[in-house]
Structures are given as C-alpha cells and as structure tokens.
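A.B. asks: Dropping in coords13.csv, with CSV, C-alpha atoms.
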```
chain,number,residue,atom,x,y,z
A,1095,MET,CA,0.0,0.0,0.0
A,1096,ASN,CA,1.8,3.1,-1.2
A,1097,HIS,CA,-0.5,5.9,-0.1
A,1098,ARG,CA,-1.9,6.4,3.4
A,1099,ALA,CA,-5.4,5.4,4.1
A,1100,LEU,CA,-7.9,8.0,5.2
A,1101,ILE,CA,-10.3,6.8,7.9
A,1102,ILE,CA,-13.4,8.9,8.5
A,1103,GLY,CA,-14.7,8.4,12.1
A,1104,GLY,CA,-12.9,7.6,15.4
A,1105,GLY,CA,-15.2,5.0,16.9
A,1106,LEU,CA,-14.2,1.4,17.4
A,1107,ALA,CA,-14.2,0.5,13.7
A,1108,GLY,CA,-12.0,3.4,12.7
A,1109,GLY,CA,-9.8,3.2,15.7
A,1110,ALA,CA,-9.2,-0.6,15.1
A,1111,ALA,CA,-8.3,0.0,11.5
A,1112,ALA,CA,-5.9,2.8,12.4
A,1113,ALA,CA,-4.3,0.7,15.1
A,1114,ARG,CA,-3.9,-2.3,12.9
A,1115,LEU,CA,-2.5,-0.3,10.0
A,1116,GLY,CA,0.0,1.1,12.5
A,1117,ARG,CA,1.1,-2.3,13.7
A,1118,LEU,CA,1.5,-3.3,10.0
A,1119,GLY,CA,3.8,-0.3,9.4
A,1120,ALA,CA,1.2,1.4,7.0
A,1121,ALA,CA,0.4,5.1,7.2
A,1122,SER,CA,-3.1,6.3,8.0
A,1123,LEU,CA,-4.9,9.6,8.7
A,1124,LEU,CA,-8.0,9.4,10.9
A,1125,LEU,CA,-10.5,12.3,11.0
A,1126,GLU,CA,-12.8,12.4,14.0
A,1127,ARG,CA,-15.5,15.2,14.2
A,1128,GLU,CA,-15.6,15.4,18.0
A,1129,THR,CA,-12.8,17.3,19.8
A,1130,ALA,CA,-12.7,15.1,22.9
A,1131,ALA,CA,-14.0,11.9,24.5
A,1132,HIS,CA,-17.8,11.7,24.4
A,1133,ASP,CA,-20.7,9.4,25.1
A,1134,LYS,CA,-22.4,7.4,22.4
A,1135,ILE,CA,-25.8,5.6,22.3
A,1136,CYS,CA,-25.0,1.9,22.7
A,1137,GLY,CA,-25.2,-0.9,25.2
A,1138,GLU,CA,-21.4,-0.8,26.1
A,1139,PHE,CA,-21.2,-4.6,26.3
A,1140,LEU,CA,-17.7,-5.7,25.5
A,1141,SER,CA,-17.8,-9.4,24.6
A,1142,VAL,CA,-15.0,-11.9,24.7
A,1143,GLU,CA,-14.7,-11.5,20.9
A,1144,ALA,CA,-14.3,-7.8,21.2
A,1145,GLU,CA,-11.6,-8.2,23.8
A,1146,ARG,CA,-9.8,-10.7,21.6
A,1147,HIS,CA,-9.7,-8.2,18.8
A,1148,LEU,CA,-8.4,-5.5,21.2
A,1149,ALA,CA,-5.8,-7.8,22.6
A,1150,ALA,CA,-4.6,-8.6,19.1
A,1151,LEU,CA,-4.1,-4.9,18.6
A,1152,GLY,CA,-1.9,-4.7,21.7
A,1153,PHE,CA,-4.6,-2.9,23.7
A,1154,ASP,CA,-5.1,-3.8,27.4
A,1155,THR,CA,-8.8,-3.5,28.3
A,1156,GLU,CA,-8.3,-4.3,32.0
A,1157,ARG,CA,-6.7,-1.0,32.6
A,1158,LEU,CA,-10.1,0.7,31.8
A,1159,GLY,CA,-11.6,-0.7,35.0
A,1160,GLY,CA,-14.8,-2.1,33.4
A,1161,ALA,CA,-17.4,-4.2,35.2
A,1162,ARG,CA,-17.4,-8.0,34.8
A,1163,ILE,CA,-20.5,-9.4,33.2
A,1164,ASP,CA,-21.2,-13.2,33.1
A,1165,THR,CA,-25.0,-13.4,33.2
A,1166,ILE,CA,-27.9,-12.4,31.0
A,1167,ARG,CA,-31.3,-11.7,32.5
A,1168,LEU,CA,-34.4,-11.2,30.3
A,1169,HIS,CA,-37.6,-9.6,31.5
A,1170,ALA,CA,-41.1,-9.3,29.9
A,1171,GLY,CA,-43.6,-8.0,32.4
A,1172,HIS,CA,-43.4,-10.3,35.4
A,1173,ARG,CA,-41.8,-13.1,33.5
A,1174,ARG,CA,-38.1,-13.5,33.8
A,1175,ALA,CA,-35.4,-15.8,32.3
A,1176,GLU,CA,-31.8,-15.9,33.3
A,1177,ALA,CA,-28.7,-17.8,32.2
A,1178,ARG,CA,-24.9,-17.7,32.5
A,1179,LEU,CA,-23.2,-16.4,29.4
A,1180,PRO,CA,-20.9,-18.8,27.5
A,1181,PHE,CA,-18.1,-16.2,28.1
A,1182,VAL,CA,-17.2,-13.4,30.5
A,1183,ALA,CA,-17.8,-9.9,29.1
A,1184,THR,CA,-16.9,-6.4,30.3
A,1185,GLY,CA,-19.1,-3.3,30.8
A,1186,VAL,CA,-17.1,-0.2,29.7
A,1187,THR,CA,-18.3,3.1,28.4
A,1188,ARG,CA,-17.7,4.1,24.8
A,1189,ARG,CA,-16.4,7.5,26.1
A,1190,THR,CA,-13.6,5.7,27.8
A,1191,LEU,CA,-12.9,2.9,25.3
A,1192,ASP,CA,-13.0,4.9,22.1
A,1193,ALA,CA,-10.7,7.6,23.4
A,1194,ALA,CA,-8.2,5.1,24.7
A,1195,LEU,CA,-8.2,3.2,21.4
A,1196,LEU,CA,-7.6,6.4,19.4
A,1197,ASP,CA,-4.7,7.2,21.7
A,1198,HIS,CA,-3.4,3.7,21.2
A,1199,ALA,CA,-3.7,4.0,17.4
A,1200,ALA,CA,-1.7,7.3,17.5
A,1201,MET,CA,1.0,5.6,19.6
A,1202,LEU,CA,1.3,3.0,16.9
A,1203,GLY,CA,1.9,5.6,14.2
A,1204,ALA,CA,-1.6,6.7,13.0
A,1205,GLU,CA,-2.1,10.4,12.6
A,1206,VAL,CA,-5.3,11.3,14.5
A,1207,ARG,CA,-7.0,14.7,13.9
A,1208,ARG,CA,-9.9,15.5,16.2
A,1209,GLY,CA,-12.5,18.2,15.7
A,1210,VAL,CA,-12.5,17.7,11.9
A,1211,THR,CA,-15.9,17.2,10.3
A,1212,VAL,CA,-16.1,15.5,6.9
A,1213,ARG,CA,-18.9,17.0,4.9
A,1214,GLN,CA,-18.9,14.6,2.0
A,1215,ILE,CA,-16.8,12.4,-0.2
A,1216,ALA,CA,-16.3,13.7,-3.7
A,1217,GLY,CA,-13.9,12.6,-6.4
A,1218,GLY,CA,-12.2,10.2,-4.1
A,1219,ARG,CA,-11.5,12.9,-1.6
A,1220,ALA,CA,-12.9,13.8,1.8
A,1221,VAL,CA,-14.3,17.3,1.8
A,1222,THR,CA,-13.9,19.1,5.1
A,1223,ALA,CA,-14.4,22.7,6.3
A,1224,GLU,CA,-10.6,23.1,6.0
A,1225,GLY,CA,-10.5,21.8,2.4
A,1226,SER,CA,-10.2,18.5,0.6
A,1227,VAL,CA,-8.1,15.6,1.8
A,1228,ASP,CA,-6.6,13.1,-0.6
A,1229,ALA,CA,-6.1,9.4,0.3
A,1230,GLY,CA,-4.9,6.1,-1.1
A,1231,ALA,CA,-8.1,4.5,0.2
A,1232,LEU,CA,-11.2,5.9,1.9
A,1233,LEU,CA,-12.5,4.0,5.0
A,1234,LEU,CA,-15.9,5.1,6.1
A,1235,ALA,CA,-16.4,4.5,9.8
A,1236,THR,CA,-18.9,7.1,10.9
A,1237,GLY,CA,-21.0,4.7,13.0
A,1238,LYS,CA,-24.8,5.3,13.0
A,1239,HIS,CA,-24.4,8.7,11.5
A,1240,GLU,CA,-24.7,9.2,7.8
A,1241,LEU,CA,-22.3,11.1,5.6
A,1242,ARG,CA,-23.8,13.2,2.8
A,1243,GLY,CA,-24.0,11.2,-0.4
A,1244,GLN,CA,-23.2,7.9,1.4
A,1245,GLY,CA,-26.6,7.0,2.8
A,1246,ARG,CA,-27.5,3.4,3.5
A,1247,ASP,CA,-30.2,1.5,1.8
A,1248,ALA,CA,-33.1,1.3,4.2
A,1249,ALA,CA,-35.1,-1.4,2.3
A,1250,GLY,CA,-36.3,-4.1,4.6
A,1251,VAL,CA,-34.6,-2.7,7.8
A,1252,ILE,CA,-36.1,-1.7,11.1
A,1253,ASP,CA,-35.9,2.1,11.1
A,1254,ASP,CA,-38.9,3.3,13.1
A,1255,LEU,CA,-37.1,3.2,16.5
A,1256,VAL,CA,-35.9,6.1,18.7
A,1257,GLY,CA,-32.9,5.4,20.9
A,1258,PHE,CA,-32.3,6.9,24.4
A,1259,LYS,CA,-29.3,6.5,26.8
A,1260,GLN,CA,-29.0,7.6,30.4
A,1261,PHE,CA,-26.4,6.9,33.1
A,1262,PHE,CA,-27.2,6.4,36.7
A,1263,ARG,CA,-25.2,6.4,39.9
A,1264,CYS,CA,-24.7,2.8,41.1
A,1265,THR,CA,-25.8,2.6,44.7
A,1266,PRO,CA,-24.9,-0.5,46.8
A,1267,ALA,CA,-28.4,-1.8,46.4
A,1268,LEU,CA,-28.3,-1.4,42.6
A,1269,ARG,CA,-24.8,-2.9,42.5
A,1270,ARG,CA,-26.0,-6.0,44.4
A,1271,ALA,CA,-29.0,-6.4,42.1
A,1272,LEU,CA,-27.0,-6.1,38.9
A,1273,ALA,CA,-23.6,-7.5,39.8
A,1274,GLY,CA,-22.3,-9.4,36.8
A,1275,VAL,CA,-25.6,-9.0,34.9
A,1276,VAL,CA,-26.7,-7.5,31.6
A,1277,ALA,CA,-30.5,-7.1,32.1
A,1278,ILE,CA,-32.8,-6.8,29.1
A,1279,THR,CA,-36.4,-5.7,29.5
A,1280,ILE,CA,-38.8,-6.2,26.5
A,1281,PHE,CA,-41.8,-3.9,26.8
A,1282,ASP,CA,-44.6,-2.8,24.6
A,1283,GLY,CA,-43.0,-1.1,21.6
A,1284,GLY,CA,-39.3,-1.6,22.5
A,1285,TYR,CA,-36.7,-2.9,24.8
A,1286,ALA,CA,-34.1,-1.7,27.2
A,1287,GLY,CA,-30.7,-2.9,28.4
A,1288,LEU,CA,-29.2,-2.1,31.8
A,1289,GLN,CA,-25.7,-2.9,33.0
A,1290,CYS,CA,-22.9,-1.8,35.2
A,1291,VAL,CA,-19.9,0.1,33.7
A,1292,GLU,CA,-16.8,1.6,35.2
A,1293,ASN,CA,-16.7,4.1,38.0
A,1294,ASP,CA,-19.8,2.8,39.7
A,1295,ARG,CA,-22.3,3.8,37.0
A,1296,LEU,CA,-25.2,2.1,35.3
A,1297,ASN,CA,-25.9,2.4,31.6
A,1298,LEU,CA,-29.5,2.4,30.6
A,1299,CYS,CA,-29.9,2.2,26.8
A,1300,LEU,CA,-33.2,1.6,25.1
A,1301,LEU,CA,-35.0,1.6,21.8
A,1302,VAL,CA,-38.7,2.5,21.5
A,1303,SER,CA,-41.0,2.7,18.5
A,1304,ARG,CA,-42.1,6.1,17.4
A,1305,ASP,CA,-45.8,5.1,17.9
A,1306,ARG,CA,-45.1,4.1,21.6
A,1307,LEU,CA,-43.2,7.3,22.2
A,1308,LYS,CA,-46.0,9.3,20.7
A,1309,ALA,CA,-48.5,7.5,22.8
A,1310,VAL,CA,-46.8,8.6,26.0
A,1311,GLY,CA,-46.5,12.2,24.9
A,1312,GLY,CA,-43.3,12.1,22.9
A,1313,ALA,CA,-41.0,13.2,25.7
A,1314,TRP,CA,-38.4,11.4,27.9
A,1315,PRO,CA,-39.9,12.1,31.3
A,1316,ALA,CA,-43.2,10.5,30.4
A,1317,LEU,CA,-41.5,7.6,28.7
A,1318,PHE,CA,-39.2,7.0,31.7
A,1319,ALA,CA,-42.2,7.1,34.1
A,1320,ALA,CA,-43.9,4.4,32.0
A,1321,LEU,CA,-40.8,2.3,31.9
A,1322,LEU,CA,-40.5,2.4,35.7
A,1323,LYS,CA,-43.7,0.3,35.8
A,1324,GLU,CA,-41.8,-2.5,34.2
A,1325,PRO,CA,-40.6,-5.0,36.9
A,1326,GLY,CA,-37.2,-5.2,35.2
A,1327,LEU,CA,-36.7,-1.4,35.4
A,1328,ALA,CA,-38.5,-0.6,38.6
A,1329,LEU,CA,-35.2,-0.6,40.6
A,1330,LEU,CA,-34.3,2.7,38.9
A,1331,ALA,CA,-37.2,4.6,40.5
A,1332,ASP,CA,-34.9,6.2,43.1
A,1333,ALA,CA,-31.7,6.2,41.1
A,1334,GLU,CA,-29.8,9.4,40.5
A,1335,ALA,CA,-29.5,10.3,36.8
A,1336,LEU,CA,-26.1,11.5,35.8
A,1337,LEU,CA,-26.9,13.2,32.5
A,1338,ALA,CA,-29.0,16.4,32.5
A,1339,ARG,CA,-30.9,14.9,29.6
A,1340,PRO,CA,-30.6,11.5,27.9
A,1341,LEU,CA,-28.7,11.1,24.6
A,1342,THR,CA,-31.1,10.3,21.8
A,1343,ILE,CA,-30.9,9.1,18.2
A,1344,ALA,CA,-33.5,8.1,15.6
A,1345,SER,CA,-33.8,6.4,12.2
A,1346,VAL,CA,-31.0,3.9,12.6
A,1347,PRO,CA,-31.4,1.1,9.9
A,1348,TYR,CA,-31.2,-2.0,12.1
A,1349,GLY,CA,-30.7,-5.0,10.0
A,1350,PHE,CA,-28.7,-3.2,7.3
A,1351,LEU,CA,-26.0,-5.1,5.4
A,1352,ALA,CA,-23.8,-3.4,2.8
A,1353,ARG,CA,-23.6,-5.2,-0.5
A,1354,PRO,CA,-20.3,-5.5,-2.4
A,1355,ASP,CA,-20.1,-3.1,-5.3
A,1356,ALA,CA,-17.1,-3.3,-7.7
A,1357,GLY,CA,-17.8,0.2,-8.7
A,1358,ASP,CA,-17.6,1.7,-5.2
A,1359,PRO,CA,-14.1,2.4,-3.9
A,1360,VAL,CA,-15.2,3.2,-0.3
A,1361,TRP,CA,-14.4,0.7,2.4
A,1362,ARG,CA,-17.4,0.6,4.8
A,1363,LEU,CA,-16.7,-0.3,8.4
A,1364,GLY,CA,-18.7,-0.9,11.5
A,1365,ASP,CA,-22.3,0.3,11.4
A,1366,GLN,CA,-21.7,1.7,7.9
A,1367,ALA,CA,-21.4,-2.0,6.8
A,1368,ALA,CA,-23.7,-3.9,9.1
A,1369,VAL,CA,-26.1,-2.7,11.8
A,1370,ILE,CA,-27.0,-5.5,14.2
A,1371,PRO,CA,-30.0,-4.9,16.5
A,1372,SER,CA,-28.7,-4.4,20.1
A,1373,PHE,CA,-31.4,-6.8,21.4
A,1374,CYS,CA,-29.0,-9.7,21.3
A,1375,GLY,CA,-26.3,-8.6,18.8
A,1376,ASP,CA,-22.7,-7.7,19.3
A,1377,GLY,CA,-22.1,-4.5,17.4
A,1378,MET,CA,-18.9,-3.6,19.3
A,1379,ALA,CA,-17.1,-6.8,18.4
A,1380,MET,CA,-18.4,-6.5,14.8
A,1381,ALA,CA,-17.1,-3.0,14.5
A,1382,LEU,CA,-13.7,-4.0,15.8
A,1383,HIS,CA,-13.7,-7.1,13.5
A,1384,SER,CA,-14.5,-4.9,10.5
A,1385,GLY,CA,-11.7,-2.5,11.2
A,1386,ARG,CA,-9.1,-5.2,11.8
A,1387,LEU,CA,-10.2,-7.1,8.6
A,1388,ALA,CA,-10.2,-3.9,6.5
A,1389,ALA,CA,-6.7,-3.0,7.5
A,1390,ASP,CA,-5.3,-6.5,6.8
A,1391,MET,CA,-7.1,-6.7,3.4
A,1392,LEU,CA,-6.1,-3.2,2.4
A,1393,ALA,CA,-2.5,-3.8,3.3
A,1394,GLY,CA,-2.6,-7.0,1.3
A,1395,GLY,CA,-3.8,-5.2,-1.8
A,1396,ALA,CA,-7.5,-6.2,-1.8
A,1397,ALA,CA,-10.2,-4.1,-3.3
A,1398,ALA,CA,-13.1,-2.5,-1.3
A,1399,ALA,CA,-15.7,-4.9,-2.8
A,1400,ASP,CA,-13.6,-7.9,-1.8
A,1401,PHE,CA,-13.6,-6.7,1.8
A,1402,GLN,CA,-17.3,-6.0,1.8
A,1403,ALA,CA,-18.0,-9.5,0.5
A,1404,ARG,CA,-15.8,-11.1,3.2
A,1405,LEU,CA,-17.3,-8.9,6.0
A,1406,ARG,CA,-20.8,-9.7,4.8
A,1407,GLY,CA,-20.0,-13.4,5.0
A,1408,ASP,CA,-18.5,-13.0,8.5
A,1409,VAL,CA,-21.5,-11.2,10.0
A,1410,GLY,CA,-24.5,-11.5,7.7
A,1411,ARG,CA,-26.1,-14.5,9.3
A,1412,GLN,CA,-25.8,-12.9,12.8
A,1413,VAL,CA,-27.3,-9.7,11.6
A,1414,ARG,CA,-30.2,-11.4,10.0
A,1415,LEU,CA,-30.9,-13.7,13.0
A,1416,ALA,CA,-30.8,-10.8,15.4
A,1417,THR,CA,-33.2,-8.8,13.2
A,1418,ARG,CA,-35.7,-11.6,13.1
A,1419,LEU,CA,-35.4,-12.0,16.9
A,1420,GLN,CA,-36.0,-8.3,17.4
A,1421,ARG,CA,-39.1,-8.3,15.2
A,1422,PHE,CA,-40.4,-11.4,17.1
A,1423,GLY,CA,-39.4,-10.4,20.6
A,1424,THR,CA,-40.9,-6.9,20.5
A,1425,SER,CA,-44.4,-8.1,19.4
A,1426,ARG,CA,-46.9,-8.6,22.2
A,1427,LEU,CA,-47.1,-12.4,21.7
A,1428,GLY,CA,-43.4,-12.8,20.9
A,1429,ARG,CA,-42.0,-11.1,23.9
A,1430,PHE,CA,-43.9,-13.4,26.4
A,1431,ALA,CA,-43.3,-16.5,24.3
A,1432,LEU,CA,-39.6,-15.7,24.1
A,1433,VAL,CA,-39.2,-15.2,27.8
A,1434,ALA,CA,-41.4,-18.2,28.7
A,1435,GLY,CA,-39.5,-20.5,26.3
A,1436,LEU,CA,-36.1,-19.3,27.4
A,1437,GLY,CA,-37.1,-19.6,31.0
A,1438,ALA,CA,-38.0,-23.2,30.5
A,1439,VAL,CA,-34.7,-23.9,28.7
A,1440,PRO,CA,-32.1,-21.5,30.1
A,1441,ALA,CA,-29.4,-23.1,27.8
A,1442,ALA,CA,-31.2,-21.7,24.8
A,1443,LEU,CA,-30.6,-18.1,26.1
A,1444,ALA,CA,-26.9,-18.7,26.2
A,1445,ALA,CA,-27.1,-20.3,22.7
A,1446,LEU,CA,-28.8,-17.2,21.3
A,1447,ALA,CA,-26.0,-15.0,22.7
A,1448,ARG,CA,-23.4,-17.3,21.0
A,1449,TRP,CA,-25.2,-17.5,17.7
A,1450,THR,CA,-25.4,-13.7,17.2
A,1451,ARG,CA,-21.6,-13.2,17.8
A,1452,VAL,CA,-18.7,-13.3,15.3
A,1453,GLU,CA,-17.8,-16.9,14.8
A,1454,PRO,CA,-14.5,-18.3,15.9
A,1455,ALA,CA,-13.5,-19.2,12.3
A,1456,ALA,CA,-14.0,-15.5,11.3
A,1457,LEU,CA,-12.0,-14.3,14.3
A,1458,ALA,CA,-9.2,-16.7,13.4
A,1459,ARG,CA,-9.1,-15.5,9.8
A,1460,ALA,CA,-8.8,-11.9,11.2
A,1461,GLY,CA,-6.0,-13.0,13.5
A,1462,ALA,CA,-7.8,-12.4,16.7
```
Can the structure in the file be given as structure tokens, please?

C.D. replies:
Amino acid sequence: MNHRALIIGGGLAGGAAAARLGRLGAASLLLERETAAHDKICGEFLSVEAERHLAALGFDTERLGGARIDTIRLHAGHRRAEARLPFVATGVTRRTLDAALLDHAAMLGAEVRRGVTVRQIAGGRAVTAEGSVDAGALLLATGKHELRGQGRDAAGVIDDLVGFKQFFRCTPALRRALAGVVAITIFDGGYAGLQCVENDRLNLCLLVSRDRLKAVGGAWPALFAALLKEPGLALLADAEALLARPLTIASVPYGFLARPDAGDPVWRLGDQAAVIPSFCGDGMAMALHSGRLAADMLAGGAAAADFQARLRGDVGRQVRLATRLQRFGTSRLGRFALVAGLGAVPAALAALARWTRVEPAALARAGA
C-alpha cells in the first residue's frame, strides 16, 4: 500500500483500522469530528470476541476498570429468564474505550486529527471545512451517523425506533441487584438494556417505537415514568440520573447489510457496513472485526468490494438472525413467548447469545 489510508470516524471500527495499520507499518490519517472523549448511544457490552480483537491490537482492556458481566437476564412483564453467558464480558463506556483506542492508534503511528468534520466524499477525496483531503483508500467509519452522499439502503430494515441513553449512579443496592448481569427488558414497543460500567455507574440504553413514544406524549420524562412500571426497570425509581438529559438518536437502519459493489471504492466499516440490533447482537465486536479485517485486506492489496464481501460473509447470518429476533421479541405475543420458552430452557438463552456473535473461524481469519 503506497499511499496512506484515510479513515473517517474515530469509533471502534475506525480506531481498530488505524491501530492495525500502524502495527503493520502502514500510514493512515484518521479524522474524528468530536474534539474530545464523548458518550455514544449503545449498550457498552464488550464481549470476549471484542476483547480478543483489542488484545490482538496490543490494547489492554483491563486498565479501563470495566465491570465484569457473566449473566444475561431477560424480563417481559413479570416473566423472567436468566442464564450464564458462554463467556465473561466487560461493561465499559464508549467514552472511555473509544478515546483510549484512538490514543493507542496514535501511539502505533496513525495520525489522528480530532475536531474535523467531513462534509462529503467527492472525487475520491474527503471534503472538510478546511478543504479536501486526498487518500490512497477511503475507509468510512462514521457509525450510526450518515455522511452526505453515502446513505445506507433502508429497504427491509427496522428504522422506526428512537434510541435513548442515560447513566445512573450505582448505589450499593443497585450494585447487588445487577452485579455481573446485563438485564434486558422487553416492553410494549421496544426494549431496554441495563448494565454496570466503570466508575460505579449504570448504563440504561433503550429503543422504543415512534408510535409508543408518541402514545406517552413524545417526551423522555413521560416515557421513563412508563418504563419504571416494568418490573425489570422498577429498581431505577430512586436512582440518580447523571446526564442532564438523555442522549437520543433516531432512524438507525437496524438489519442493514452493505452489498459488495465493484464500482464503489469506499471501504465501509462498523455500522456503515452492518447494523445489528442491540437486542442480542454484538455490534462492538463486529465494529472491531471490520476495522481489523479492512486493515489486513487493504495492506494485502485487496479491493473494497472484496472486503465488503468477506465482511458480509462473516457477520451477515448474525445480523439477519438478530433482526428476526428483534421483530419477534418486540411483538406482544413474541416477547412473552420468548421469555417463557427461554425460562424453560435456560441453555437456549446462552445459545442465542453465542449465535449472534462473530464466529471463531472468522475471528481466526482476522488473526484475533
């Protein structure tokens, strides 16, 4: 690879690509629109697959002080199912993890420029407020946010959901109730995930349909009050919220999978390539996997379309399965049938967690 790669976006996918290229001795320039560490709307569940990718990049996750997670708990009304995960995961915020990974990439030789917004891609160049930037290859890693002219095809996806995220202070009682647990509550019109992260905090991240949000008045206070009536979330009634207002996002195309296109030179990473529903998917590991795979294939002289085909083969089945489960689990009949069935056969819950993750063979091909 004779010219440096240009990576647009400093999340896990972009950071992993930059770090891996650095370890391979290849030059890269990463442009991140935010000027400093910041929170993102996601569940912040770092699976064993994600940790393997980070370890292969020479990144030590233990120093981040994340919370150990080894159990999944599923609520639907008063029904509950629980099972041990087939691995030990870590709860760590994207604010902490993403910033540390960018610092790690810079240490390995990547040039990281923060506070630079890319407006569009034109003529093989990234157009910013400061002018155009040339590159040998363009890696698009802007996460759930679209770049003008690079929109994702929304056909057949689930895009009628609104996402919210709030942090709470973890009291001793909450810590005891959620120690080692990622708790998922399926409710009418959506679902929520609750887990411990570093520094004695809880992450509540949820998706709700526009219709359900409209039915409760369209505002967070009313929605949160309704959610507190769910047995799986009632323990937050007296919890101290740490954000003045929750983070929010809408119109994310859950279930999207990028198709290989020989005429498209852009390398699409992370959520720009595959958006797995957070209900049971592992978007963080898939983002890291895409970044690592892109760097290896780019350094090996592959074309963007070849990379997209390989990545689609690695994660397509998991995305499709998670999308079907989300559609089924958030229906009135489906959510109770799902919890009742998994409660009767706890091993099935662990199996679902395993089936929606990056397979060992794909990890091995990527060197993780």

A.B. asks: Would you pick out the contacts of segment 1380-1396 of chain A at 9 Å or less, using all atoms listed in the file, so that residues sharing its chain but fewer than 2 positions from it are not included, and give the list as a ChimeraX atom specification?

C.D. replies: /A:1095,1099,1105-1115,1118,1120,1143-1144,1147-1148,1151,1231,1233,1235,1237,1361-1365,1367-1368,1370,1376-1378,1398-1402,1404-1405,1409,1451-1452,1456-1457,1459-1462

A.B. asks: Would you mind reading off the distance between atom CA of Asn1297 of chain A and atom CA of Lys1323 of chain A, one decimal, in Å?

C.D. replies: 18.4 Å

A.B. asks: How far is it from atom CA of Val1210 of chain A to atom CA of Ile1101 of chain A, in Å with one decimal?

C.D. replies: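 These atoms are spaced 11.8 Å apart.
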
A.B. asks: I'd like the contact shell of segment 1185-1202 of chain A - 7 Å cut-off, only C-alpha atoms, skipping same-chain residues fewer than 5 positions apart - returned as a JSON list (two decimals) with C-alpha atoms, in the coordinates of the input.

C.D. replies:
```json
[["chain", "number", "residue", "atom", "x", "y", "z"],
["A", 1104, "GLY", "CA", -12.90, 7.60, 15.40],
["A", 1105, "GLY", "CA", -15.20, 5.00, 16.90],
["A", 1106, "LEU", "CA", -14.20, 1.40, 17.40],
["A", 1109, "GLY", "CA", -9.80, 3.20, 15.70],
["A", 1112, "ALA", "CA", -5.90, 2.80, 12.40],
["A", 1113, "ALA", "CA", -4.30, 0.70, 15.10],
["A", 1116, "GLY", "CA", 0.00, 1.10, 12.50],
["A", 1117, "ARG", "CA", 1.10, -2.30, 13.70],
["A", 1131, "ALA", "CA", -14.00, 11.90, 24.50],
["A", 1132, "HIS", "CA", -17.80, 11.70, 24.40],
["A", 1133, "ASP", "CA", -20.70, 9.40, 25.10],
["A", 1134, "LYS", "CA", -22.40, 7.40, 22.40],
["A", 1138, "GLU", "CA", -21.40, -0.80, 26.10],
["A", 1139, "PHE", "CA", -21.20, -4.60, 26.30],
["A", 1140, "LEU", "CA", -17.70, -5.70, 25.50],
["A", 1160, "GLY", "CA", -14.80, -2.10, 33.40],
["A", 1161, "ALA", "CA", -17.40, -4.20, 35.20],
["A", 1162, "ARG", "CA", -17.40, -8.00, 34.80],
["A", 1163, "ILE", "CA", -20.50, -9.40, 33.20],
["A", 1289, "GLN", "CA", -25.70, -2.90, 33.00],
["A", 1290, "CYS", "CA", -22.90, -1.80, 35.20],
["A", 1291, "VAL", "CA", -19.90, 0.10, 33.70],
["A", 1292, "GLU", "CA", -16.80, 1.60, 35.20]]
```

A.B. asks: Which is closest to Asp1294 of chain A among A:Leu1337, A:Val1182, A:Thr1265, A:Glu1145, if we use only C-alpha atoms?

C.D. replies: A:Thr1265

A.B. asks: Which residue out of A:Pro1347, A:Gly1407, A:Pro1371, A:Gly1428 has the minimum interatomic distance to Arg1246 of chain A when only C-alpha atoms are used?

C.D. replies: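 Checking each of A:Pro1347, A:Gly1407, A:Pro1371, A:Gly1428 against Arg1246 of chain A, counting only C-alpha atoms, the winner is A:Pro1347.
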
A.B. asks: So which one's closest to Asp1247 of chain A, A:Ala1331, A:Leu1125, A:Asn1293, A:Gly1349? Using only C-alpha atoms, please.

C.D. replies: A:Gly1349

A.B. asks: Which residue gives the smallest distance to Leu1341 of chain A among A:Ala1204, A:Ala1309, A:Val1251, A:Leu1301, with all atoms listed in the file counted?

C.D. replies: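 Checking each candidate against Leu1341 of chain A, we get A:Leu1301 as the closest.
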
A.B. asks: Between atom CA of Phe1261 of chain A and atom CA of Ala1333 of chain A, measure the distance and give it in Å to one decimal.

C.D. replies: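 Result for atom CA of Phe1261 of chain A versus atom CA of Ala1333 of chain A: 9.6 Å, one decimal.
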
A.B. asks: Which of these, A:Gly1209, A:Gly1311, A:Pro1180, A:Gly1326, has the shortest distance to Gly1103 of chain A once you count only C-alpha atoms?

C.D. replies: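 Going through A:Gly1209, A:Gly1311, A:Pro1180, A:Gly1326 one by one, the smallest distance to Gly1103 of chain A is for A:Gly1209.
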
A.B. asks: Taking all atoms listed in the file into account, which of A:Leu1336, A:Leu1234, A:Val1433, A:Ala1130 comes nearest His1172 of chain A?

C.D. replies: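 Counting all atoms listed in the file, the residue closest to His1172 of chain A is A:Val1433.
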
A.B. asks: So which residues touch Arg1173 of chain A within 9 Å, counting all atoms listed in the file, skipping near sequence neighbours fewer than 2 positions away, as an MDAnalysis selection string?

C.D. replies: chainID A and resid 1168:1171 1175 1325 1430 1433:1434 1437

A.B. asks: Near Ala1286 of chain A, within 9 Å and counting only C-alpha atoms, which residues show up once chain neighbours fewer than 2 positions away are dropped, as a ChimeraX atom specification?

C.D. replies: /A:1277-1281,1284,1288,1298-1302,1327,1373

A.B. asks: Select from segment 1301-1394 of chain A every residue with an atom at most 12 Å from any atom of segment 1218-1222 of chain A, then for each give the shortest pair of atoms and their distance in Å to one decimal, using only C-alpha atoms, rows by chain and rising number, as JSON lines.

C.D. replies:
```
{"residue": "A:Asp1358", "atom": "CA", "partner": "A:Gly1218", "partner_atom": "CA", "distance": 10.1}
{"residue": "A:Pro1359", "atom": "CA", "partner": "A:Gly1218", "partner_atom": "CA", "distance": 8.0}
{"residue": "A:Val1360", "atom": "CA", "partner": "A:Gly1218", "partner_atom": "CA", "distance": 8.5}
{"residue": "A:Trp1361", "atom": "CA", "partner": "A:Gly1218", "partner_atom": "CA", "distance": 11.7}
```
